[in-house]
$ cat structure.txt   # compact mmCIF, C-alpha atoms (C1' of nucleotides)
# COMPACT_ATOMS: atom_id res chain seq x y z
CA MET A 225 70.31 85.87 114.26
CA THR A 226 73.21 84.41 112.29
CA GLN A 227 76.66 84.89 113.72
CA THR A 228 78.73 87.72 112.31
CA THR A 229 82.15 87.36 113.91
CA LEU A 230 84.57 84.58 114.80
CA ASP A 231 88.12 84.64 116.11
CA PRO A 232 90.68 83.91 113.36
CA VAL A 233 92.17 80.96 115.23
CA LEU A 234 88.76 79.40 115.86
CA PHE A 235 87.76 80.02 112.26
CA ALA A 236 90.91 78.33 110.98
CA LYS A 237 90.38 75.33 113.27
CA ALA A 238 86.78 75.03 112.11
CA ILE A 239 87.69 74.86 108.44
CA ALA A 240 90.93 72.89 108.87
CA ASP A 241 89.49 69.58 107.75
CA GLU A 242 88.81 68.18 104.32
CA THR A 243 85.44 66.65 105.18
CA ARG A 244 84.24 69.90 106.70
CA GLN A 245 85.32 71.90 103.68
CA LYS A 246 83.44 69.44 101.49
CA ILE A 247 80.35 69.97 103.62
CA MET A 248 80.84 73.71 103.40
CA LYS A 249 81.02 73.52 99.64
CA LEU A 250 77.94 71.32 99.40
CA THR A 251 75.96 73.76 101.51
CA CYS A 252 77.40 76.97 100.14
CA CYS A 253 74.56 77.76 97.79
CA ARG A 254 71.47 75.90 98.92
CA TRP A 255 69.88 74.20 101.88
CA ARG A 256 70.89 70.55 102.16
CA SER A 257 69.49 67.83 104.38
CA VAL A 258 71.92 65.71 106.36
CA ASN A 259 71.13 62.71 104.18
CA GLU A 260 71.88 64.64 101.03
CA ILE A 261 75.29 65.48 102.43
CA VAL A 262 75.95 61.92 103.57
CA GLU A 263 75.19 60.65 100.06
CA GLN A 264 77.87 62.91 98.60
CA LEU A 265 80.64 61.94 100.99
CA ASN A 266 82.41 58.74 101.93
CA VAL A 267 81.78 58.99 105.64
CA THR A 268 78.99 57.75 107.90
CA GLN A 269 75.94 59.74 108.95
CA PRO A 270 77.17 60.23 112.54
CA THR A 271 80.43 61.62 111.19
CA VAL A 272 78.53 64.14 109.09
CA SER A 273 76.35 65.08 112.06
CA HIS A 274 79.48 65.53 114.14
CA HIS A 275 81.02 67.94 111.64
CA LEU A 276 77.74 69.80 111.20
CA ALA A 277 77.49 70.28 114.96
CA LEU A 278 81.00 71.67 114.97
CA LEU A 279 80.33 74.05 112.09
CA ARG A 280 77.08 75.06 113.74
CA ALA A 281 78.85 75.84 117.03
CA ALA A 282 81.22 78.09 115.11
CA GLY A 283 78.29 79.83 113.44
CA LEU A 284 79.52 78.75 110.02
CA VAL A 285 76.27 77.06 109.02
CA ASN A 286 72.68 78.02 109.53
CA PHE A 287 70.03 75.35 109.91
CA LYS A 288 66.31 74.88 109.90
CA GLU A 289 64.24 71.89 110.90
CA ASP A 290 61.34 70.67 108.82
CA GLY A 291 59.59 67.58 110.06
CA LYS A 292 62.04 64.73 110.19
CA GLN A 293 64.70 66.58 108.29
CA THR A 294 67.22 69.21 109.24
CA TYR A 295 68.55 71.46 106.52
CA TYR A 296 71.90 73.19 106.62
CA GLN A 297 73.32 76.06 104.65
CA LEU A 298 76.73 77.72 104.79
CA ASN A 299 76.94 81.15 106.39
CA ARG A 300 78.87 82.62 103.49
CA ASP A 301 78.93 86.11 104.90
CA LEU A 302 80.79 84.88 107.95
CA VAL A 303 83.34 83.09 105.77
CA THR A 304 83.97 86.31 103.91
CA VAL A 305 84.20 88.36 107.09
CA CYS A 306 86.66 85.91 108.63
CA CYS A 307 88.87 85.81 105.56
CA ASP A 308 88.96 89.58 105.37
CA GLN A 309 89.74 89.63 109.07
CA ILE A 310 92.71 87.30 108.56
CA ILE A 311 94.11 89.42 105.76
CA ALA A 312 93.75 92.47 108.00
CA LYS A 313 95.26 90.75 111.03
CA PHE A 314 98.48 90.01 109.22
CA SER A 315 98.80 93.44 107.70
CA THR A 316 99.75 95.23 110.89
CA GLU A 317 102.17 94.39 113.63
CA VAL A 318 100.02 95.73 116.41
CA GLU A 319 96.41 95.31 117.52
CA SER A 320 95.29 98.69 116.32
CA ASN A 321 94.32 100.35 113.12
CA SER A 322 97.53 102.32 113.00
CA THR A 323 99.37 102.18 109.73
CA CYS A 324 102.25 99.81 109.23
CA CYS A 325 103.81 97.76 106.51
CA THR A 326 102.98 100.26 103.85
CA GLY A 327 106.60 100.61 102.86
CA GLU A 328 109.14 97.94 102.00
CA PRO A 329 110.00 95.87 105.07
CA GLN A 330 113.72 96.07 105.65
CA MET B 27 110.99 81.98 94.44
CA THR B 28 108.32 82.42 97.10
CA GLN B 29 105.32 80.13 96.94
CA THR B 30 102.18 81.50 95.36
CA THR B 31 99.51 78.85 95.91
CA LEU B 32 98.38 76.53 98.66
CA ASP B 33 95.42 74.20 98.97
CA PRO B 34 92.66 75.69 101.18
CA VAL B 35 92.66 72.70 103.54
CA LEU B 36 96.44 72.82 103.96
CA PHE B 37 96.32 76.59 104.43
CA ALA B 38 93.68 76.27 107.12
CA LYS B 39 95.65 73.57 108.93
CA ALA B 40 98.79 75.68 108.79
CA ILE B 41 97.18 78.69 110.44
CA ALA B 42 94.92 76.73 112.82
CA ASP B 43 97.05 77.31 115.88
CA GLU B 44 97.33 80.27 118.20
CA THR B 45 101.12 80.16 118.51
CA ARG B 46 101.53 80.04 114.75
CA GLN B 47 99.21 82.97 114.25
CA LYS B 48 101.22 84.90 116.82
CA ILE B 49 104.38 84.09 114.89
CA MET B 50 102.68 85.14 111.67
CA LYS B 51 101.71 88.44 113.19
CA LEU B 52 105.20 89.06 114.58
CA THR B 53 106.73 88.44 111.17
CA CYS B 54 104.05 90.07 109.05
CA CYS B 55 105.88 93.33 108.51
CA ARG B 56 109.57 92.78 109.10
CA TRP B 57 112.25 90.15 109.24
CA ARG B 58 112.55 88.61 112.69
CA SER B 59 115.21 86.30 114.06
CA VAL B 60 114.10 83.16 115.87
CA ASN B 61 115.31 84.60 119.16
CA GLU B 62 113.27 87.74 118.70
CA ILE B 63 110.19 85.58 118.22
CA VAL B 64 110.98 83.39 121.21
CA GLU B 65 111.30 86.48 123.40
CA GLN B 66 107.79 87.57 122.49
CA LEU B 67 106.09 84.24 123.17
CA ASN B 68 105.70 81.96 126.17
CA VAL B 69 107.05 78.86 124.49
CA THR B 70 110.52 77.35 124.18
CA GLN B 71 112.91 77.92 121.30
CA PRO B 72 112.44 74.40 119.88
CA THR B 73 108.70 74.95 119.84
CA VAL B 74 109.16 78.13 117.86
CA SER B 75 111.54 76.38 115.46
CA HIS B 76 108.99 73.61 115.04
CA HIS B 77 106.25 76.04 114.08
CA LEU B 78 108.56 77.99 111.79
CA ALA B 79 109.49 74.79 109.98
CA LEU B 80 105.82 74.03 109.52
CA LEU B 81 105.02 77.50 108.21
CA ARG B 82 108.08 77.31 105.97
CA ALA B 83 106.93 73.97 104.52
CA ALA B 84 103.60 75.56 103.69
CA GLY B 85 105.36 78.48 102.03
CA LEU B 86 103.79 80.89 104.49
CA VAL B 87 107.09 82.39 105.64
CA ASN B 88 110.21 83.35 103.75
CA PHE B 89 113.57 83.12 105.43
CA LYS B 90 117.16 84.21 105.01
CA GLU B 91 120.22 83.13 106.91
CA ASP B 92 122.82 85.62 108.07
CA GLY B 93 125.69 84.24 110.08
CA LYS B 94 124.37 82.61 113.21
CA GLN B 95 120.91 83.95 112.74
CA THR B 96 117.97 82.98 110.60
CA TYR B 97 115.40 85.63 109.80
CA TYR B 98 111.80 84.94 108.97
CA GLN B 99 109.12 87.04 107.37
CA LEU B 100 105.51 86.28 106.61
CA ASN B 101 104.57 85.67 102.97
CA ARG B 102 101.68 88.09 103.09
CA ASP B 103 100.82 87.73 99.44
CA LEU B 104 100.19 84.03 99.92
CA VAL B 105 97.93 84.71 102.90
CA THR B 106 95.89 87.07 100.76
CA VAL B 107 95.75 84.67 97.84
CA CYS B 108 94.62 81.81 100.10
CA CYS B 109 91.93 83.87 101.78
CA ASP B 110 90.59 85.03 98.43
CA GLN B 111 90.70 81.43 97.27
CA ILE B 112 88.61 80.31 100.25
CA ILE B 113 86.00 82.98 99.60
CA ALA B 114 85.86 81.87 95.97
CA LYS B 115 85.73 78.17 96.82
CA PHE B 116 82.59 78.58 98.87
CA SER B 117 80.84 80.79 96.35
CA THR B 118 80.13 78.06 93.82
CA GLU B 119 78.81 74.57 94.20
CA VAL B 120 81.01 73.10 91.51
CA GLU B 121 84.71 73.19 90.66
CA SER B 122 84.32 75.54 87.74
CA ASN B 123 83.89 79.21 87.14
CA SER B 124 80.30 78.74 86.12
CA THR B 125 77.88 81.08 87.78
CA CYS B 126 75.94 80.00 90.82
CA CYS B 127 74.61 81.48 93.98
CA THR B 128 74.06 84.83 92.43
CA GLY B 129 70.40 84.76 93.31
CA GLU B 130 68.75 84.04 96.63
CA PRO B 131 69.32 80.39 97.62
CA GLN B 132 65.91 78.79 98.12
C1' DT C 167 140.91 75.82 119.27
C1' DT C 168 137.87 76.55 122.63
C1' DG C 169 133.72 78.54 124.42
C1' DA C 170 129.53 80.97 123.76
C1' DC C 171 125.65 81.69 121.08
C1' DA C 172 121.75 80.75 117.53
C1' DT C 173 119.03 77.48 115.49
C1' DA C 174 117.49 72.82 114.19
C1' DT C 175 116.45 68.04 115.11
C1' DA C 176 115.10 63.83 117.84
C1' DG C 177 112.23 61.64 120.83
C1' DA C 178 108.69 61.49 124.43
C1' DC C 179 104.18 62.63 126.26
C1' DG C 180 99.61 64.29 126.92
C1' DA C 181 95.80 66.41 124.52
C1' DT C 182 92.88 66.93 120.71
C1' DC C 183 90.62 65.12 116.73
C1' DA C 184 88.29 62.31 112.96
C1' DT C 185 86.10 58.39 112.48
C1' DC C 186 83.54 54.34 113.59
C1' DT C 187 79.62 51.30 115.84
C1' DA C 188 75.80 51.29 118.76
C1' DT C 189 71.94 53.52 120.37
C1' DA C 190 68.73 57.28 121.61
C1' DT C 191 65.32 60.69 120.06
C1' DA C 192 61.86 62.36 117.30
C1' DA C 193 58.71 62.60 113.38
C1' DT C 194 55.87 60.36 109.97
C1' DA C 195 53.16 56.52 107.72
C1' DC C 196 50.34 52.57 107.93
C1' DG D 288 50.43 51.71 118.43
C1' DT D 289 54.04 49.93 115.56
C1' DA D 290 57.37 50.25 111.98
C1' DT D 291 60.18 53.21 109.34
C1' DT D 292 62.88 57.05 108.46
C1' DA D 293 65.98 61.10 109.74
C1' DT D 294 69.08 62.94 112.80
C1' DA D 295 71.71 63.34 117.12
C1' DT D 296 74.41 61.55 120.91
C1' DA D 297 77.62 58.35 123.46
C1' DG D 298 81.61 56.00 123.77
C1' DA D 299 85.75 53.79 121.81
C1' DT D 300 89.92 53.88 119.03
C1' DG D 301 93.77 55.18 116.29
C1' DA D 302 96.02 59.20 114.35
C1' DT D 303 97.63 63.79 114.54
C1' DC D 304 99.34 67.66 117.05
C1' DG D 305 101.64 71.00 120.37
C1' DT D 306 104.85 71.15 123.64
C1' DC D 307 108.71 69.84 126.32
C1' DT D 308 113.80 68.23 127.39
C1' DA D 309 117.99 66.79 125.48
C1' DT D 310 121.18 67.17 122.03
C1' DA D 311 123.21 68.07 117.45
C1' DT D 312 124.83 71.49 114.08
C1' DG D 313 126.82 75.51 112.72
C1' DT D 314 128.79 80.31 113.40
C1' DC D 315 131.47 83.69 115.58
C1' DA D 316 134.80 85.70 119.12
C1' DA D 317 138.71 85.47 122.05

$ encode --input "structure.txt" --output "structure tokens"
Amino acid sequence: MTQTTLDPVLFAKAIADETRQKIMKLTCCRWRSVNEIVEQLNVTQPTVSHHLALLRAAGLVNFKEDGKQTYYQLNRDLVTVCCDQIIAKFSTEVESNSTCCTGEPQ
Amino acid sequence: MTQTTLDPVLFAKAIADETRQKIMKLTCCRWRSVNEIVEQLNVTQPTVSHHLALLRAAGLVNFKEDGKQTYYQLNRDLVTVCCDQIIAKFSTEVESNSTCCTGEPQ
DNA sequence: TTGACATATAGACGATCATCTATATAATAC
DNA sequence: GTATTATATAGATGATCGTCTATATGTCAA
């Protein structure tokens, strides 16, 4: 049920913040509770929750609740898909899969 | 003399705008004058110049002047490098090339 | 040299954003 | 039940951003 696509502009906006990229890095490889994340950063708990909600809305983190705690983990597959999508987007002039740019641009 | 690296946060900020991504796409495969770009978008010439200056500062476009005109072209290599860098950044918990995340995160 | 054209810069304005404090919600422990 | 802990939400505030109009700068043609 994790999200598999995201528009390149929305993806860029979602990751265009230092605090969010720090959160993404902290959660890239294991589940982290909100408190764990707060302890690693120099921002308040509501600020962390705010960024997590934003990343969650973009589908960039998965989460699971366990009692009092909520755990978050980066959706690494989506990051990869989006990055590949950006590379592809700027490899052709038009919105198709026609070939372009294979030769030397004049 | 074209730029070859760019911090992931700065890269994301630079491309986190629809107009700029449109400009990037227009210039991805050939040199375009400012006027050509303006004609393709629904924004004024100063707005386009503003975005071009921003992309130029980030090293994301190359440019050459020819008489009255200035031509811009996307630095596609840098886009690729930055995207690869983002994928790599969120594949390890720490700022090293030590292994991590190769198994199933618990 | 004067006028037309191409681009850049300056300054203003409204919108979005990152952060904070205060507080609500919900789960657990005693 | 009451206190404590974990997280989310609400609302405020200052900063950043995207866009516009007006204008400056620089190049070419007549």

$ closest_atom_pairs --input "structure.txt" --of "chain B" --to "chain C" --cutoff "8 Å" --atoms "only C-alpha atoms (C1' of nucleotides)" --output "JSON lines"
{"residue": "B:Val60", "atom": "CA", "partner": "C:DT173", "partner_atom": "C1'", "distance": 7.5}
{"residue": "B:Asn61", "atom": "CA", "partner": "C:DA172", "partner_atom": "C1'", "distance": 7.7}
{"residue": "B:Pro72", "atom": "CA", "partner": "C:DA174", "partner_atom": "C1'", "distance": 7.8}
{"residue": "B:Ser75", "atom": "CA", "partner": "C:DA174", "partner_atom": "C1'", "distance": 7.0}
{"residue": "B:Lys94", "atom": "CA", "partner": "C:DA172", "partner_atom": "C1'", "distance": 5.4}
{"residue": "B:Gln95", "atom": "CA", "partner": "C:DA172", "partner_atom": "C1'", "distance": 5.8}
{"residue": "B:Thr96", "atom": "CA", "partner": "C:DT173", "partner_atom": "C1'", "distance": 7.4}

$ interface_residues --input "structure.txt" --of "chain B" --to "chain D" --cutoff "10 Å" --atoms "all atoms listed in the file" --output "list in words"
Asp43, Thr45, Val69, Thr70, Pro72, Thr73, His76, His77, Asp92, Gly93, Lys94 and Gln95 of chain B

$ write_last_selection --input "structure.txt" --atoms "C-alpha atoms" --output "short mmCIF file (atom, residue, chain, number, x, y, z; two decimals), in the frame of the given file"
data_model
loop_
_atom_site.label_atom_id
_atom_site.label_comp_id
_atom_site.auth_asym_id
_atom_site.auth_seq_id
_atom_site.Cartn_x
_atom_site.Cartn_y
_atom_site.Cartn_z
CA ASP B 43 97.05 77.31 115.88
CA THR B 45 101.12 80.16 118.51
CA VAL B 69 107.05 78.86 124.49
CA THR B 70 110.52 77.35 124.18
CA PRO B 72 112.44 74.40 119.88
CA THR B 73 108.70 74.95 119.84
CA HIS B 76 108.99 73.61 115.04
CA HIS B 77 106.25 76.04 114.08
CA ASP B 92 122.82 85.62 108.07
CA GLY B 93 125.69 84.24 110.08
CA LYS B 94 124.37 82.61 113.21
CA GLN B 95 120.91 83.95 112.74
#

$ closest_atom_pairs --input "structure.txt" --of "chain A" --to "chain B" --cutoff "8 Å" --atoms "only C-alpha atoms" --output "CSV"
residue,atom,partner,partner_atom,distance
A:Val233,CA,B:Ala42,CA,5.6
A:Leu234,CA,B:Ala42,CA,7.4
A:Phe235,CA,B:Ala42,CA,7.9
A:Ala236,CA,B:Ala42,CA,4.7
A:Lys237,CA,B:Ala42,CA,4.8
A:Ile239,CA,B:Ala38,CA,6.3
A:Ala240,CA,B:Ala38,CA,4.7
A:Asp241,CA,B:Val35,CA,6.1
A:Glu242,CA,B:Val35,CA,6.0
A:Gln245,CA,B:Val35,CA,7.4
A:Met248,CA,B:Phe116,CA,6.9
A:Lys249,CA,B:Phe116,CA,5.4
A:Leu250,CA,B:Glu119,CA,6.2
A:Thr251,CA,B:Glu119,CA,7.9
A:Cys252,CA,B:Phe116,CA,5.6
A:Cys253,CA,B:Cys127,CA,5.3
A:Arg254,CA,B:Pro131,CA,5.1
A:Trp255,CA,B:Gln132,CA,7.1
A:Arg300,CA,B:Phe116,CA,7.2
A:Val303,CA,B:Ile113,CA,6.7
A:Thr304,CA,B:Ile113,CA,5.8
A:Cys307,CA,B:Cys109,CA,5.2
A:Asp308,CA,B:Cys109,CA,7.4
A:Ile310,CA,B:Cys109,CA,7.6
A:Ile311,CA,B:Thr106,CA,5.8
A:Lys313,CA,B:Lys51,CA,7.2
A:Phe314,CA,B:Lys51,CA,5.4
A:Ser315,CA,B:Cys54,CA,6.4
A:Thr316,CA,B:Cys55,CA,6.8
A:Glu317,CA,B:Lys51,CA,6.0
A:Cys324,CA,B:Cys55,CA,7.5
A:Cys325,CA,B:Cys55,CA,5.3
A:Pro329,CA,B:Arg56,CA,5.1
A:Gln330,CA,B:Arg56,CA,6.3

$ calpha_fit_and_write --input "structure.txt" --fixed "chain B" --moving "chain A" --output "mmCIF file with C-alpha atoms, keeping the file's coordinate frame"
data_model
loop_
_atom_site.group_PDB
_atom_site.id
_atom_site.type_symbol
_atom_site.label_atom_id
_atom_site.label_comp_id
_atom_site.auth_asym_id
_atom_site.auth_seq_id
_atom_site.Cartn_x
_atom_site.Cartn_y
_atom_site.Cartn_z
ATOM 1 C CA MET A 225 110.967 81.905 94.421
ATOM 2 C CA THR A 226 108.316 82.379 97.099
ATOM 3 C CA GLN A 227 105.316 80.109 96.953
ATOM 4 C CA THR A 228 102.187 81.492 95.347
ATOM 5 C CA THR A 229 99.521 78.851 95.898
ATOM 6 C CA LEU A 230 98.385 76.523 98.667
ATOM 7 C CA ASP A 231 95.399 74.217 98.967
ATOM 8 C CA PRO A 232 92.650 75.705 101.176
ATOM 9 C CA VAL A 233 92.648 72.737 103.545
ATOM 10 C CA LEU A 234 96.426 72.831 103.963
ATOM 11 C CA PHE A 235 96.327 76.589 104.427
ATOM 12 C CA ALA A 236 93.677 76.294 107.130
ATOM 13 C CA LYS A 237 95.644 73.575 108.936
ATOM 14 C CA ALA A 238 98.787 75.696 108.790
ATOM 15 C CA ILE A 239 97.167 78.696 110.434
ATOM 16 C CA ALA A 240 94.913 76.742 112.815
ATOM 17 C CA ASP A 241 97.039 77.329 115.885
ATOM 18 C CA GLU A 242 97.329 80.287 118.199
ATOM 19 C CA THR A 243 101.113 80.168 118.518
ATOM 20 C CA ARG A 244 101.527 80.042 114.759
ATOM 21 C CA GLN A 245 99.206 82.981 114.243
ATOM 22 C CA LYS A 246 101.221 84.909 116.813
ATOM 23 C CA ILE A 247 104.380 84.100 114.881
ATOM 24 C CA MET A 248 102.686 85.150 111.671
ATOM 25 C CA LYS A 249 101.723 88.459 113.198
ATOM 26 C CA LEU A 250 105.204 89.067 114.576
ATOM 27 C CA THR A 251 106.727 88.436 111.169
ATOM 28 C CA CYS A 252 104.066 90.086 109.060
ATOM 29 C CA CYS A 253 105.890 93.339 108.513
ATOM 30 C CA ARG A 254 109.584 92.797 109.102
ATOM 31 C CA TRP A 255 112.264 90.156 109.249
ATOM 32 C CA ARG A 256 112.564 88.598 112.700
ATOM 33 C CA SER A 257 115.226 86.295 114.076
ATOM 34 C CA VAL A 258 114.119 83.150 115.867
ATOM 35 C CA ASN A 259 115.306 84.577 119.174
ATOM 36 C CA GLU A 260 113.282 87.720 118.691
ATOM 37 C CA ILE A 261 110.196 85.587 118.219
ATOM 38 C CA VAL A 262 110.985 83.383 121.207
ATOM 39 C CA GLU A 263 111.289 86.474 123.413
ATOM 40 C CA GLN A 264 107.770 87.555 122.482
ATOM 41 C CA LEU A 265 106.076 84.239 123.163
ATOM 42 C CA ASN A 266 105.684 81.960 126.147
ATOM 43 C CA VAL A 267 107.030 78.856 124.481
ATOM 44 C CA THR A 268 110.507 77.357 124.181
ATOM 45 C CA GLN A 269 112.917 77.910 121.308
ATOM 46 C CA PRO A 270 112.448 74.387 119.891
ATOM 47 C CA THR A 271 108.698 74.949 119.845
ATOM 48 C CA VAL A 272 109.162 78.141 117.853
ATOM 49 C CA SER A 273 111.545 76.389 115.463
ATOM 50 C CA HIS A 274 108.997 73.622 115.044
ATOM 51 C CA HIS A 275 106.241 76.051 114.079
ATOM 52 C CA LEU A 276 108.564 77.997 111.792
ATOM 53 C CA ALA A 277 109.498 74.788 109.986
ATOM 54 C CA LEU A 278 105.828 74.034 109.523
ATOM 55 C CA LEU A 279 105.028 77.505 108.212
ATOM 56 C CA ARG A 280 108.071 77.313 105.975
ATOM 57 C CA ALA A 281 106.945 73.968 104.522
ATOM 58 C CA ALA A 282 103.609 75.564 103.690
ATOM 59 C CA GLY A 283 105.368 78.483 102.022
ATOM 60 C CA LEU A 284 103.801 80.909 104.478
ATOM 61 C CA VAL A 285 107.102 82.399 105.620
ATOM 62 C CA ASN A 286 110.214 83.338 103.748
ATOM 63 C CA PHE A 287 113.590 83.119 105.435
ATOM 64 C CA LYS A 288 117.160 84.187 105.015
ATOM 65 C CA GLU A 289 120.246 83.133 106.910
ATOM 66 C CA ASP A 290 122.829 85.620 108.081
ATOM 67 C CA GLY A 291 125.708 84.220 110.056
ATOM 68 C CA LYS A 292 124.393 82.554 113.161
ATOM 69 C CA GLN A 293 120.923 83.931 112.751
ATOM 70 C CA THR A 294 117.982 82.972 110.606
ATOM 71 C CA TYR A 295 115.420 85.625 109.815
ATOM 72 C CA TYR A 296 111.809 84.932 108.975
ATOM 73 C CA GLN A 297 109.138 87.042 107.379
ATOM 74 C CA LEU A 298 105.503 86.275 106.602
ATOM 75 C CA ASN A 299 104.580 85.676 102.974
ATOM 76 C CA ARG A 300 101.674 88.092 103.092
ATOM 77 C CA ASP A 301 100.827 87.730 99.442
ATOM 78 C CA LEU A 302 100.204 84.034 99.921
ATOM 79 C CA VAL A 303 97.933 84.722 102.892
ATOM 80 C CA THR A 304 95.901 87.078 100.759
ATOM 81 C CA VAL A 305 95.761 84.665 97.839
ATOM 82 C CA CYS A 306 94.631 81.823 100.090
ATOM 83 C CA CYS A 307 91.930 83.882 101.758
ATOM 84 C CA ASP A 308 90.601 85.040 98.419
ATOM 85 C CA GLN A 309 90.711 81.442 97.261
ATOM 86 C CA ILE A 310 88.606 80.332 100.236
ATOM 87 C CA ILE A 311 86.003 83.001 99.607
ATOM 88 C CA ALA A 312 85.872 81.900 95.971
ATOM 89 C CA LYS A 313 85.723 78.203 96.821
ATOM 90 C CA PHE A 314 82.584 78.623 98.862
ATOM 91 C CA SER A 315 80.849 80.825 96.349
ATOM 92 C CA THR A 316 80.131 78.104 93.826
ATOM 93 C CA GLU A 317 78.798 74.617 94.187
ATOM 94 C CA VAL A 318 80.982 73.135 91.507
ATOM 95 C CA GLU A 319 84.690 73.164 90.675
ATOM 96 C CA SER A 320 84.368 75.520 87.766
ATOM 97 C CA ASN A 321 84.000 79.185 87.153
ATOM 98 C CA SER A 322 80.391 78.801 86.139
ATOM 99 C CA THR A 323 77.998 81.149 87.829
ATOM 100 C CA CYS A 324 75.991 80.048 90.816
ATOM 101 C CA CYS A 325 74.590 81.472 93.985
ATOM 102 C CA THR A 326 73.949 84.826 92.452
ATOM 103 C CA GLY A 327 70.282 84.667 93.307
ATOM 104 C CA GLU A 328 68.601 83.921 96.615
ATOM 105 C CA PRO A 329 69.171 80.300 97.621
ATOM 106 C CA GLN A 330 65.818 78.641 98.088
#

$ atom_distance --input "structure.txt" --atom1 "atom CA of Gln227 of chain A" --atom2 "atom CA of Leu302 of chain A"
7.1 Å

$ atom_distance --input "structure.txt" --atom1 "atom CA of Thr229 of chain A" --atom2 "atom CA of Asn68 of chain B"
27.1 Å

$ decode --input "structure.txt" --residues "segment 184-195 of chain C" --atoms "N, CA, C and O atoms (P, O5', C5', C4', C3', O3' and C1' of nucleotides)" --output "tab-separated table (two decimals), in the first residue's frame"
chain	number	residue	atom	x	y	z
C	184	DA	P	9.06	24.28	4.38
C	184	DA	O5'	9.94	24.63	5.66
C	184	DA	C5'	10.89	25.68	5.63
C	184	DA	C4'	11.19	26.14	7.04
C	184	DA	C3'	11.19	25.01	8.09
C	184	DA	O3'	12.31	25.19	8.94
C	184	DA	C1'	9.61	26.69	8.69
C	185	DT	P	12.60	24.09	10.07
C	185	DT	O5'	12.01	24.79	11.37
C	185	DT	C5'	12.59	25.99	11.85
C	185	DT	C4'	11.66	26.70	12.81
C	185	DT	C3'	11.22	25.90	14.03
C	185	DT	O3'	12.15	26.09	15.08
C	185	DT	C1'	9.47	27.29	13.16
C	186	DC	P	11.96	25.30	16.47
C	186	DC	O5'	10.93	26.20	17.31
C	186	DC	C5'	11.24	27.56	17.56
C	186	DC	C4'	10.02	28.30	18.09
C	186	DC	C3'	9.38	27.62	19.29
C	186	DC	O3'	9.73	28.29	20.49
C	186	DC	C1'	7.73	28.25	17.66
C	187	DT	P	9.32	27.55	21.89
C	187	DT	O5'	7.81	28.01	22.10
C	187	DT	C5'	7.49	29.38	22.32
C	187	DT	C4'	6.00	29.55	22.60
C	187	DT	C3'	5.50	28.79	23.83
C	187	DT	O3'	4.53	29.58	24.52
C	187	DT	C1'	4.35	28.01	21.92
C	188	DA	P	3.92	29.07	25.91
C	188	DA	O5'	2.51	28.47	25.47
C	188	DA	C5'	1.66	29.25	24.63
C	188	DA	C4'	0.41	28.46	24.31
C	188	DA	C3'	-0.14	27.62	25.47
C	188	DA	O3'	-1.55	27.81	25.56
C	188	DA	C1'	0.19	26.26	23.59
C	189	DT	P	-2.40	27.04	26.71
C	189	DT	O5'	-2.98	25.77	25.92
C	189	DT	C5'	-3.70	26.00	24.70
C	189	DT	C4'	-4.00	24.68	24.03
C	189	DT	C3'	-4.66	23.64	24.95
C	189	DT	O3'	-5.79	23.12	24.28
C	189	DT	C1'	-2.91	22.69	23.73
C	190	DA	P	-6.97	22.39	25.13
C	190	DA	O5'	-7.36	21.20	24.15
C	190	DA	C5'	-7.44	21.46	22.74
C	190	DA	C4'	-7.14	20.19	21.97
C	190	DA	C3'	-7.86	18.95	22.52
C	190	DA	O3'	-8.43	18.25	21.43
C	190	DA	C1'	-5.54	18.54	22.35
C	191	DT	P	-9.50	17.08	21.76
C	191	DT	O5'	-8.69	15.73	21.49
C	191	DT	C5'	-7.99	15.57	20.27
C	191	DT	C4'	-7.12	14.34	20.33
C	191	DT	C3'	-7.78	13.13	20.99
C	191	DT	O3'	-7.62	12.02	20.13
C	191	DT	C1'	-5.64	13.49	21.88
C	192	DA	P	-8.59	10.71	20.28
C	192	DA	O5'	-7.55	9.55	20.60
C	192	DA	C5'	-6.26	9.58	20.00
C	192	DA	C4'	-5.27	8.84	20.87
C	192	DA	C3'	-5.88	7.70	21.69
C	192	DA	O3'	-5.06	6.58	21.52
C	192	DA	C1'	-4.53	9.05	23.04
C	193	DA	P	-5.65	5.08	21.75
C	193	DA	O5'	-4.45	4.39	22.57
C	193	DA	C5'	-3.13	4.49	22.07
C	193	DA	C4'	-2.15	4.43	23.22
C	193	DA	C3'	-2.37	3.25	24.18
C	193	DA	O3'	-1.15	2.55	24.33
C	193	DA	C1'	-2.14	5.28	25.38
C	194	DT	P	-1.17	1.05	24.89
C	194	DT	O5'	-0.46	1.20	26.31
C	194	DT	C5'	0.87	1.72	26.37
C	194	DT	C4'	1.13	2.29	27.74
C	194	DT	C3'	1.00	1.28	28.88
C	194	DT	O3'	2.30	1.10	29.43
C	194	DT	C1'	0.05	3.40	29.43
C	195	DA	P	2.52	-0.02	30.54
C	195	DA	O5'	2.64	0.84	31.87
C	195	DA	C5'	3.33	2.11	31.84
C	195	DA	C4'	3.33	2.71	33.24
C	195	DA	C3'	3.32	1.68	34.37
C	195	DA	O3'	4.05	2.21	35.47
C	195	DA	C1'	1.33	2.97	34.46
